[in-house]
file run-v9.txt (compact mmCIF, C-alpha atoms)
# COMPACT_ATOMS: atom_id res chain seq x y z
CA MET A 1 68.64 -60.95 -46.97
CA ARG A 2 70.23 -60.63 -43.55
CA PRO A 3 68.13 -59.77 -40.41
CA TYR A 4 69.86 -59.66 -37.02
CA GLY A 5 68.72 -59.43 -33.48
CA LEU A 6 69.27 -58.11 -29.75
CA ALA A 7 68.90 -59.40 -25.93
CA CYS A 8 68.40 -58.98 -22.15
CA GLY A 9 69.32 -61.11 -19.09
CA LEU A 10 67.31 -63.33 -16.65
CA THR A 11 67.03 -61.97 -13.10
CA THR A 12 67.36 -64.56 -10.34
CA LEU A 13 65.98 -63.53 -6.96
CA LEU A 14 67.03 -64.75 -3.50
CA LEU A 15 64.88 -64.28 -0.42
CA ALA A 16 66.95 -63.52 2.68
CA ASN A 17 66.18 -65.34 5.94
CA THR A 18 65.10 -63.20 8.86
CA SER A 19 65.37 -63.91 12.58
CA LEU A 20 63.12 -62.97 15.50
CA GLN A 21 64.62 -61.48 18.62
CA ALA A 22 63.47 -63.08 21.89
CA GLN A 23 62.02 -60.63 24.36
CA ALA A 24 63.03 -61.02 28.05
CA THR A 25 60.41 -60.81 30.79
CA ASP A 26 60.71 -59.71 34.41
CA PRO A 27 60.70 -62.79 36.70
CA ALA A 28 59.11 -60.74 39.49
CA ALA A 29 56.25 -59.77 37.26
CA GLU A 30 55.48 -63.47 36.57
CA THR A 31 54.73 -64.12 40.27
CA THR A 32 52.59 -61.03 40.64
CA GLN A 33 49.77 -59.44 38.72
CA SER A 34 50.76 -59.03 35.04
CA ALA A 35 51.57 -55.47 34.11
CA PRO A 36 50.83 -53.91 30.69
CA ALA A 37 53.65 -54.54 28.25
CA ASP A 38 56.02 -51.65 27.81
CA ALA A 39 56.26 -50.28 24.27
CA SER A 40 59.98 -50.92 24.27
CA THR A 41 59.46 -54.67 24.90
CA ALA A 42 56.26 -55.17 22.87
CA ALA A 43 57.98 -54.65 19.49
CA PRO A 44 61.53 -54.51 18.11
CA PRO A 45 63.06 -51.06 17.79
CA ALA A 46 62.27 -49.20 14.58
CA SER A 47 65.82 -49.65 13.36
CA THR A 48 65.52 -53.44 13.79
CA GLU A 49 62.24 -53.48 11.84
CA ALA A 50 63.80 -51.55 8.96
CA SER A 51 66.79 -53.88 8.89
CA THR A 52 64.54 -56.95 8.87
CA ALA A 53 62.36 -55.55 6.08
CA GLN A 54 65.43 -54.72 4.01
CA GLN A 55 66.76 -58.24 4.39
CA ALA A 56 63.40 -59.68 3.26
CA GLU A 57 63.41 -57.79 -0.05
CA PRO A 58 64.42 -59.99 -3.02
CA THR A 59 67.76 -59.05 -4.51
CA GLU A 60 69.61 -60.06 -7.65
CA ASP A 61 72.35 -62.63 -7.21
CA LYS A 62 75.12 -61.37 -9.48
CA ASN A 63 77.06 -64.62 -9.13
CA LYS A 64 74.37 -66.67 -10.88
CA TRP A 65 73.90 -67.01 -14.63
CA GLN A 66 70.90 -65.22 -16.15
CA PHE A 67 69.41 -66.24 -19.50
CA ALA A 68 66.93 -64.85 -22.04
CA THR A 69 65.64 -65.79 -25.49
CA ILE A 70 64.56 -63.30 -28.15
CA GLY A 71 62.32 -63.78 -31.14
CA TYR A 72 62.10 -60.96 -33.67
CA ALA A 73 60.66 -59.89 -37.01
CA TRP A 74 62.37 -57.36 -39.26
CA PHE A 75 60.16 -55.64 -41.86
CA ALA A 76 62.93 -54.51 -44.19
CA GLY A 77 63.46 -53.76 -47.84
CA ALA A 78 66.78 -54.08 -49.67
CA LYS A 79 68.78 -51.89 -52.04
CA GLY A 80 72.15 -52.46 -53.68
CA LYS A 81 73.60 -54.84 -56.25
CA THR A 82 74.67 -58.46 -56.58
CA ASP A 83 76.60 -60.44 -59.17
CA VAL A 84 76.98 -64.20 -59.64
CA ILE A 85 77.33 -64.48 -63.44
CA GLY A 86 80.93 -63.51 -64.16
CA PRO A 87 81.04 -61.38 -67.36
CA VAL A 88 77.41 -60.22 -67.10
CA ALA A 89 76.90 -56.84 -65.40
CA PRO A 90 75.69 -57.04 -61.78
CA VAL A 91 71.93 -56.78 -61.26
CA ALA A 92 70.57 -53.98 -59.10
CA LEU A 93 68.32 -54.70 -56.15
CA ASP A 94 65.51 -52.35 -55.20
CA LEU A 95 63.16 -54.52 -53.15
CA SER A 96 60.50 -52.84 -51.07
CA PHE A 97 59.14 -54.68 -48.07
CA GLY A 98 56.13 -55.61 -50.22
CA ASP A 99 58.47 -57.16 -52.81
CA VAL A 100 60.23 -59.10 -50.05
CA ILE A 101 56.90 -60.47 -48.79
CA LYS A 102 55.98 -61.62 -52.31
CA ALA A 103 59.39 -63.29 -52.69
CA PHE A 104 59.28 -64.86 -49.22
CA LYS A 105 59.70 -68.64 -48.96
CA PHE A 106 60.87 -69.32 -45.40
CA ALA A 107 62.59 -67.54 -42.51
CA PHE A 108 63.78 -68.16 -38.98
CA MET A 109 65.01 -65.44 -36.63
CA GLY A 110 66.05 -66.01 -33.03
CA ALA A 111 68.60 -64.84 -30.49
CA ALA A 112 69.74 -65.55 -26.94
CA GLU A 113 71.66 -63.85 -24.15
CA ALA A 114 73.59 -65.12 -21.14
CA ARG A 115 74.91 -62.87 -18.38
CA LYS A 116 76.78 -63.33 -15.12
CA ASP A 117 77.49 -60.16 -13.16
CA ARG A 118 79.29 -57.97 -15.76
CA LEU A 119 80.03 -60.75 -18.27
CA VAL A 120 77.69 -60.67 -21.30
CA PHE A 121 77.31 -63.19 -24.15
CA LEU A 122 75.00 -62.74 -27.17
CA GLY A 123 74.10 -65.24 -29.90
CA ASP A 124 71.94 -64.98 -33.01
CA LEU A 125 70.78 -67.42 -35.71
CA THR A 126 68.91 -66.46 -38.89
CA PHE A 127 67.88 -68.28 -42.05
CA ILE A 128 66.12 -66.57 -45.00
CA HIS A 129 64.93 -68.00 -48.32
CA LEU A 130 63.70 -65.59 -51.02
CA ASP A 131 62.73 -66.11 -54.67
CA ALA A 132 62.34 -62.65 -56.20
CA LYS A 133 61.16 -61.69 -59.70
CA LYS A 134 60.38 -58.02 -59.00
CA GLY A 135 62.66 -55.27 -57.79
CA ILE A 136 65.62 -56.58 -59.82
CA GLY A 137 67.22 -54.05 -62.15
CA ILE A 138 68.82 -55.49 -65.31
CA ARG A 139 71.75 -53.44 -66.62
CA ASP A 140 72.47 -55.52 -69.71
CA PRO A 141 70.10 -54.57 -72.61
CA ASP A 142 70.15 -58.17 -73.94
CA PHE A 143 67.97 -59.29 -71.00
CA LEU A 144 64.39 -58.35 -70.15
CA GLU A 145 63.53 -60.59 -67.19
CA ALA A 146 65.39 -61.67 -64.08
CA GLU A 147 64.82 -64.07 -61.20
CA LEU A 148 66.93 -64.26 -58.03
CA ASP A 149 66.81 -67.17 -55.60
CA SER A 150 68.68 -66.48 -52.37
CA ARG A 151 69.26 -68.72 -49.35
CA THR A 152 71.20 -67.08 -46.53
CA ALA A 153 72.08 -68.20 -43.02
CA GLU A 154 74.02 -66.39 -40.34
CA ILE A 155 75.39 -67.38 -36.96
CA THR A 156 76.61 -64.55 -34.73
CA ALA A 157 78.44 -64.94 -31.43
CA LEU A 158 79.61 -62.06 -29.22
CA GLY A 159 81.12 -61.86 -25.76
CA GLY A 160 82.02 -58.86 -23.66
CA TYR A 161 81.96 -56.87 -20.45
CA ARG A 162 79.43 -54.48 -18.92
CA VAL A 163 81.65 -51.44 -18.41
CA VAL A 164 78.85 -49.35 -16.86
CA GLN A 165 76.24 -50.92 -14.60
CA ASP A 166 73.92 -48.79 -12.48
CA ASP A 167 70.27 -47.78 -12.15
CA SER A 168 70.44 -45.11 -14.85
CA VAL A 169 72.26 -46.89 -17.68
CA ASN A 170 74.05 -50.12 -18.68
CA VAL A 171 76.82 -50.11 -21.29
CA ASP A 172 78.24 -53.30 -22.86
CA LEU A 173 81.36 -53.59 -25.03
CA LEU A 174 81.56 -56.79 -27.09
CA ALA A 175 83.64 -58.60 -29.69
CA GLY A 176 83.19 -61.78 -31.72
CA GLY A 177 82.25 -62.84 -35.22
CA ARG A 178 79.49 -63.59 -37.68
CA MET A 179 79.59 -66.69 -39.90
CA ASN A 180 77.81 -66.11 -43.22
CA PHE A 181 76.40 -68.84 -45.48
CA PHE A 182 75.15 -67.75 -48.93
CA LYS A 183 73.71 -69.64 -51.88
CA THR A 184 72.46 -67.36 -54.66
CA THR A 185 71.16 -68.16 -58.13
CA VAL A 186 70.35 -65.58 -60.83
CA GLN A 187 68.48 -66.33 -64.06
CA LEU A 188 68.40 -63.71 -66.86
CA ASP A 189 66.22 -64.07 -69.96
CA GLY A 190 65.90 -62.03 -73.16
CA PRO A 191 64.48 -62.41 -76.66
CA ASN A 192 67.77 -63.63 -78.12
CA ARG A 193 69.85 -64.61 -75.14
CA SER A 194 69.71 -66.09 -71.64
CA ALA A 195 72.24 -66.52 -68.86
CA ASP A 196 72.31 -67.97 -65.39
CA GLY A 197 74.73 -68.45 -62.53
CA SER A 198 74.84 -69.96 -59.08
CA VAL A 199 77.35 -69.30 -56.32
CA THR A 200 77.81 -70.69 -52.81
CA GLN A 201 79.91 -68.60 -50.45
CA ASN A 202 80.82 -68.99 -46.77
CA TRP A 203 82.86 -66.42 -44.86
CA LEU A 204 83.57 -65.11 -41.37
CA ASP A 205 83.40 -61.46 -40.38
CA PRO A 206 85.18 -60.34 -37.18
CA LEU A 207 82.98 -57.93 -35.20
CA ILE A 208 83.24 -55.29 -32.52
CA ALA A 209 80.01 -54.08 -30.94
CA ALA A 210 78.49 -51.87 -28.25
CA ARG A 211 75.09 -51.81 -26.55
CA VAL A 212 73.44 -49.21 -24.31
CA ILE A 213 70.33 -49.99 -22.22
CA ALA A 214 68.57 -47.23 -20.27
CA PRO A 215 65.33 -47.28 -18.22
CA LEU A 216 62.85 -44.50 -19.01
CA GLY A 217 60.62 -44.88 -15.98
CA GLY A 218 57.87 -47.32 -15.15
CA LYS A 219 57.90 -50.30 -17.49
CA TRP A 220 59.54 -48.44 -20.39
CA GLY A 221 63.13 -48.67 -21.55
CA PHE A 222 65.38 -47.63 -24.44
CA SER A 223 68.24 -49.51 -26.09
CA VAL A 224 70.83 -48.82 -28.80
CA TYR A 225 73.08 -51.41 -30.46
CA GLY A 226 75.78 -51.09 -33.12
CA ASP A 227 78.47 -53.30 -34.63
CA LEU A 228 81.26 -52.98 -37.18
CA GLY A 229 82.93 -55.89 -38.97
CA GLY A 230 84.91 -57.22 -41.89
CA ILE A 231 87.76 -54.92 -43.01
CA ILE A 232 90.54 -57.22 -41.74
CA PHE A 233 89.10 -60.27 -43.54
CA GLY A 234 85.70 -61.44 -44.72
CA SER A 235 83.49 -58.59 -45.92
CA ASP A 236 85.08 -55.44 -47.26
CA LEU A 237 82.78 -53.72 -44.76
CA THR A 238 79.73 -54.64 -42.73
CA TRP A 239 78.00 -52.53 -40.09
CA GLN A 240 74.61 -52.03 -38.52
CA GLY A 241 72.70 -49.88 -36.05
CA ILE A 242 69.57 -50.68 -34.04
CA ALA A 243 67.56 -48.36 -31.79
CA GLY A 244 64.27 -49.11 -30.08
CA PHE A 245 61.88 -48.75 -27.17
CA ASN A 246 60.97 -51.65 -24.86
CA TYR A 247 57.91 -52.28 -22.70
CA GLN A 248 57.86 -54.87 -19.91
CA LEU A 249 54.60 -56.84 -20.01
CA ASN A 250 55.36 -58.80 -16.84
CA ARG A 251 58.31 -60.12 -14.86
CA LYS A 252 59.46 -62.38 -17.72
CA MET A 253 58.13 -60.91 -20.97
CA THR A 254 59.24 -57.74 -22.77
CA ILE A 255 58.25 -56.47 -26.21
CA GLY A 256 60.20 -53.94 -28.26
CA LEU A 257 59.72 -51.77 -31.34
CA GLY A 258 62.58 -50.06 -33.14
CA TRP A 259 64.44 -49.48 -36.39
CA ARG A 260 67.38 -51.32 -37.89
CA TYR A 261 69.85 -50.40 -40.65
CA PHE A 262 72.22 -53.07 -41.96
CA LYS A 263 74.96 -52.78 -44.60
CA VAL A 264 77.08 -55.56 -46.15
CA ASN A 265 79.71 -55.22 -48.87
CA TYR A 266 81.35 -58.54 -49.78
CA ASP A 267 83.23 -59.05 -53.07
CA ASN A 268 85.03 -62.30 -53.89
CA GLY A 269 85.72 -63.27 -57.48
CA ASP A 270 82.46 -63.77 -59.39
CA PHE A 271 80.37 -63.18 -56.28
CA LEU A 272 79.33 -59.69 -55.22
CA TYR A 273 76.90 -58.79 -52.47
CA ASN A 274 76.74 -55.05 -51.81
CA VAL A 275 73.37 -54.46 -50.16
CA ARG A 276 71.87 -52.21 -47.50
CA GLN A 277 68.64 -53.00 -45.66
CA SER A 278 66.48 -50.94 -43.31
CA GLY A 279 63.08 -51.14 -41.69
CA PRO A 280 61.12 -51.48 -38.43
CA LEU A 281 62.02 -54.24 -35.98
CA LEU A 282 59.65 -56.03 -33.58
CA THR A 283 61.14 -58.09 -30.71
CA PHE A 284 59.78 -60.50 -28.10
CA ARG A 285 62.10 -61.16 -25.14
CA SER A 286 61.51 -63.88 -22.58
CA LYS A 287 63.53 -64.42 -19.38
CA LEU A 288 64.19 -68.04 -18.46
call {"tool": "encode", "arguments": {"input": "run-v9.txt", "output": "structure tokens"}}
result
Amino acid sequence: MRPYGLACGLTTLLLANTSLQAQATDPAAETTQSAPADASTAAPPASTEASTAQQAEPTEDKNKWQFATIGYAWFAGAKGKTDVIGPVAPVALDLSFGDVIKAFKFAFMGAAEARKDRLVFLGDLTFIHLDAKKGIGIRDPDFLEAELDSRTAEITALGGYRVVQDDSVNVDLLAGGRMNFFKTTVQLDGPNRSADGSVTQNWLDPLIAARVIAPLGGKWGFSVYGDLGGIIFGSDLTWQGIAGFNYQLNRKMTIGLGWRYFKVNYDNGDFLYNVRQSGPLLTFRSKL
């Protein structure tokens, strides 16, 4: 199965140096009795104080690289069909999240982001191993039982430009690709017949993507991400959409909760993978 992830940049702060203005004194006053200090000489003018305070506030240096890492968990089921045994009809997939948990062997999900001013780069790496015996629909009446072992890995790389950047919203446009690594084995058994097949497939999907990030006030934020790929080469079609709310725990940590829908349709010879997945997404973002 194919989870994917999202990201946010590291803010680097610079503290501006401030200077003190020397106050002149009246030489005649030094030789005579000291007079009370005049309000105009006891403190800098209000405009000077405001300027000094403004300079002391930390500001983001847009010329420095900012980095973040993202861990995530996607609680998704899967529906569709897959085929790895040539003349045998494809098996249908109808795996609830509970079925996925029962079939779960191992998974890794992680992402990263790098940003410098308006330049944005996103990367994602996932690996999933499932061994499912439930939720597999057999279309051939000669078979009664089915087992599917699936090992999938994906590496996604995107780069782009922040076309809108202000206090109310940020909009990123991106392009890149996703490298897919699949190894799938299907075993079918019946009273009078059995069949099995195993296929290893690797392919690259070109991608275009967009991301919108908007603050909602306080520590809350909202983000939407979508990408579209394949078509030209690789998958016949692949696309996904992610929407979620984020909450900033502290200066470096942010958690998010949202929903993700992901569709892949890849058909190459004896291998077919036409599956859609959807479910809640939990993210943990850390600024470096």
call {"tool": "closest_residue", "arguments": {"input": "run-v9.txt", "among": "A:Asn250, A:Thr200, A:Thr238, A:Thr126", "to": "Arg276 (chain A)", "atoms": "only C-alpha atoms"}}
result
A:Thr238
call {"tool": "closest_residue", "arguments": {"input": "run-v9.txt", "among": "A:Leu237, A:Ala76, A:Ala92, A:Ile213", "to": "Gln165 (chain A)", "atoms": "all atoms listed in the file"}}
result
A:Ile213
call {"tool": "residues_around", "arguments": {"input": "run-v9.txt", "residues": "Leu288 (chain A)", "least_positions_apart": "5", "cutoff": "8 Å", "atoms": "all atoms listed in the file", "output": "PyMOL selection string"}}
result
chain A and resi 10+66-69+252
call {"tool": "residues_near_point", "arguments": {"input": "run-v9.txt", "point": "(62.5, -65.9, -34.4)", "cutoff": "9 Å", "atoms": "all atoms listed in the file", "output": "list of chain:residue names"}}
result
A:Ile70, A:Gly71, A:Tyr72, A:Ala73, A:Ala107, A:Phe108, A:Met109, A:Gly110, A:Ala111, A:Leu125, A:Thr126, A:Thr283, A:Phe284
call {"tool": "closest_residue", "arguments": {"input": "run-v9.txt", "among": "A:Leu119, A:Val84, A:Ala103, A:Ala132", "to": "Tyr161 (chain A)", "atoms": "all atoms listed in the file"}}
result
A:Leu119
call {"tool": "residues_around", "arguments": {"input": "run-v9.txt", "residues": "Asn246 (chain A)", "least_positions_apart": "3", "cutoff": "12 Å", "atoms": "all atoms listed in the file", "output": "JSON, numbers by chain"}}
result
{"A": [6, 7, 8, 213, 214, 215, 216, 217, 218, 219, 220, 221, 222, 223, 224, 243, 249, 253, 254, 255, 256, 257, 258, 281, 282, 283, 284, 285]}
call {"tool": "closest_residue", "arguments": {"input": "run-v9.txt", "among": "A:Ala146, A:Leu95, A:Ile128, A:Val275", "to": "Asp189 (chain A)", "atoms": "all atoms listed in the file"}}
result
A:Ala146
call {"tool": "atom_distance", "arguments": {"input": "run-v9.txt", "atom1": "CA of Arg139 (chain A)", "atom2": "CA of Asp236 (chain A)"}}
result
23.6 Å
call {"tool": "atom_distance", "arguments": {"input": "run-v9.txt", "atom1": "CA of Gly226 (chain A)", "atom2": "CA of Ile101 (chain A)"}}
result
26.3 Å
call {"tool": "residues_around", "arguments": {"input": "run-v9.txt", "residues": "Gly234 (chain A)", "least_positions_apart": "6", "cutoff": "12 Å", "atoms": "all atoms listed in the file", "output": "PyMOL selection string"}}
result
chain A and resi 177-181+201-207+264-268
call {"tool": "atom_distance", "arguments": {"input": "run-v9.txt", "atom1": "CA of Val91 (chain A)", "atom2": "CA of Arg151 (chain A)"}}
result
17.1 Å
call {"tool": "closest_residue", "arguments": {"input": "run-v9.txt", "among": "A:Trp74, A:Phe104, A:Trp239, A:Phe121", "to": "Lys133 (chain A)", "atoms": "only C-alpha atoms"}}
result
A:Phe104
call {"tool": "residues_around", "arguments": {"input": "run-v9.txt", "residues": "Lys81 (chain A)", "least_positions_apart": "6", "cutoff": "9 Å", "atoms": "only C-alpha atoms", "output": "list in words"}}
result
Pro90, Val91, Ala92, Leu93, Asp94, Ile136, Gly137, Leu272, Tyr273, Asn274 and Val275 of chain A
call {"tool": "closest_residue", "arguments": {"input": "run-v9.txt", "among": "A:Val88, A:Leu122, A:Gly98, A:Ala210", "to": "Val171 (chain A)", "atoms": "all atoms listed in the file"}}
result
A:Ala210
call {"tool": "residues_around", "arguments": {"input": "run-v9.txt", "residues": "Leu174 (chain A)", "least_positions_apart": "2", "cutoff": "8 Å", "atoms": "all atoms listed in the file", "output": "list of chain:residue names"}}
result
A:Val120, A:Leu158, A:Gly159, A:Gly160, A:Tyr161, A:Asp172, A:Gly176, A:Ile208, A:Ala209, A:Ala210
call {"tool": "write_last_selection", "arguments": {"input": "run-v9.txt", "atoms": "C-alpha atoms", "output": "short mmCIF file (atom, residue, chain, number, x, y, z; two decimals), keeping the file's coordinate frame"}}
result
data_model
loop_
_atom_site.label_atom_id
_atom_site.label_comp_id
_atom_site.auth_asym_id
_atom_site.auth_seq_id
_atom_site.Cartn_x
_atom_site.Cartn_y
_atom_site.Cartn_z
CA VAL A 120 77.69 -60.67 -21.30
CA LEU A 158 79.61 -62.06 -29.22
CA GLY A 159 81.12 -61.86 -25.76
CA GLY A 160 82.02 -58.86 -23.66
CA TYR A 161 81.96 -56.87 -20.45
CA ASP A 172 78.24 -53.30 -22.86
CA GLY A 176 83.19 -61.78 -31.72
CA ILE A 208 83.24 -55.29 -32.52
CA ALA A 209 80.01 -54.08 -30.94
CA ALA A 210 78.49 -51.87 -28.25
#
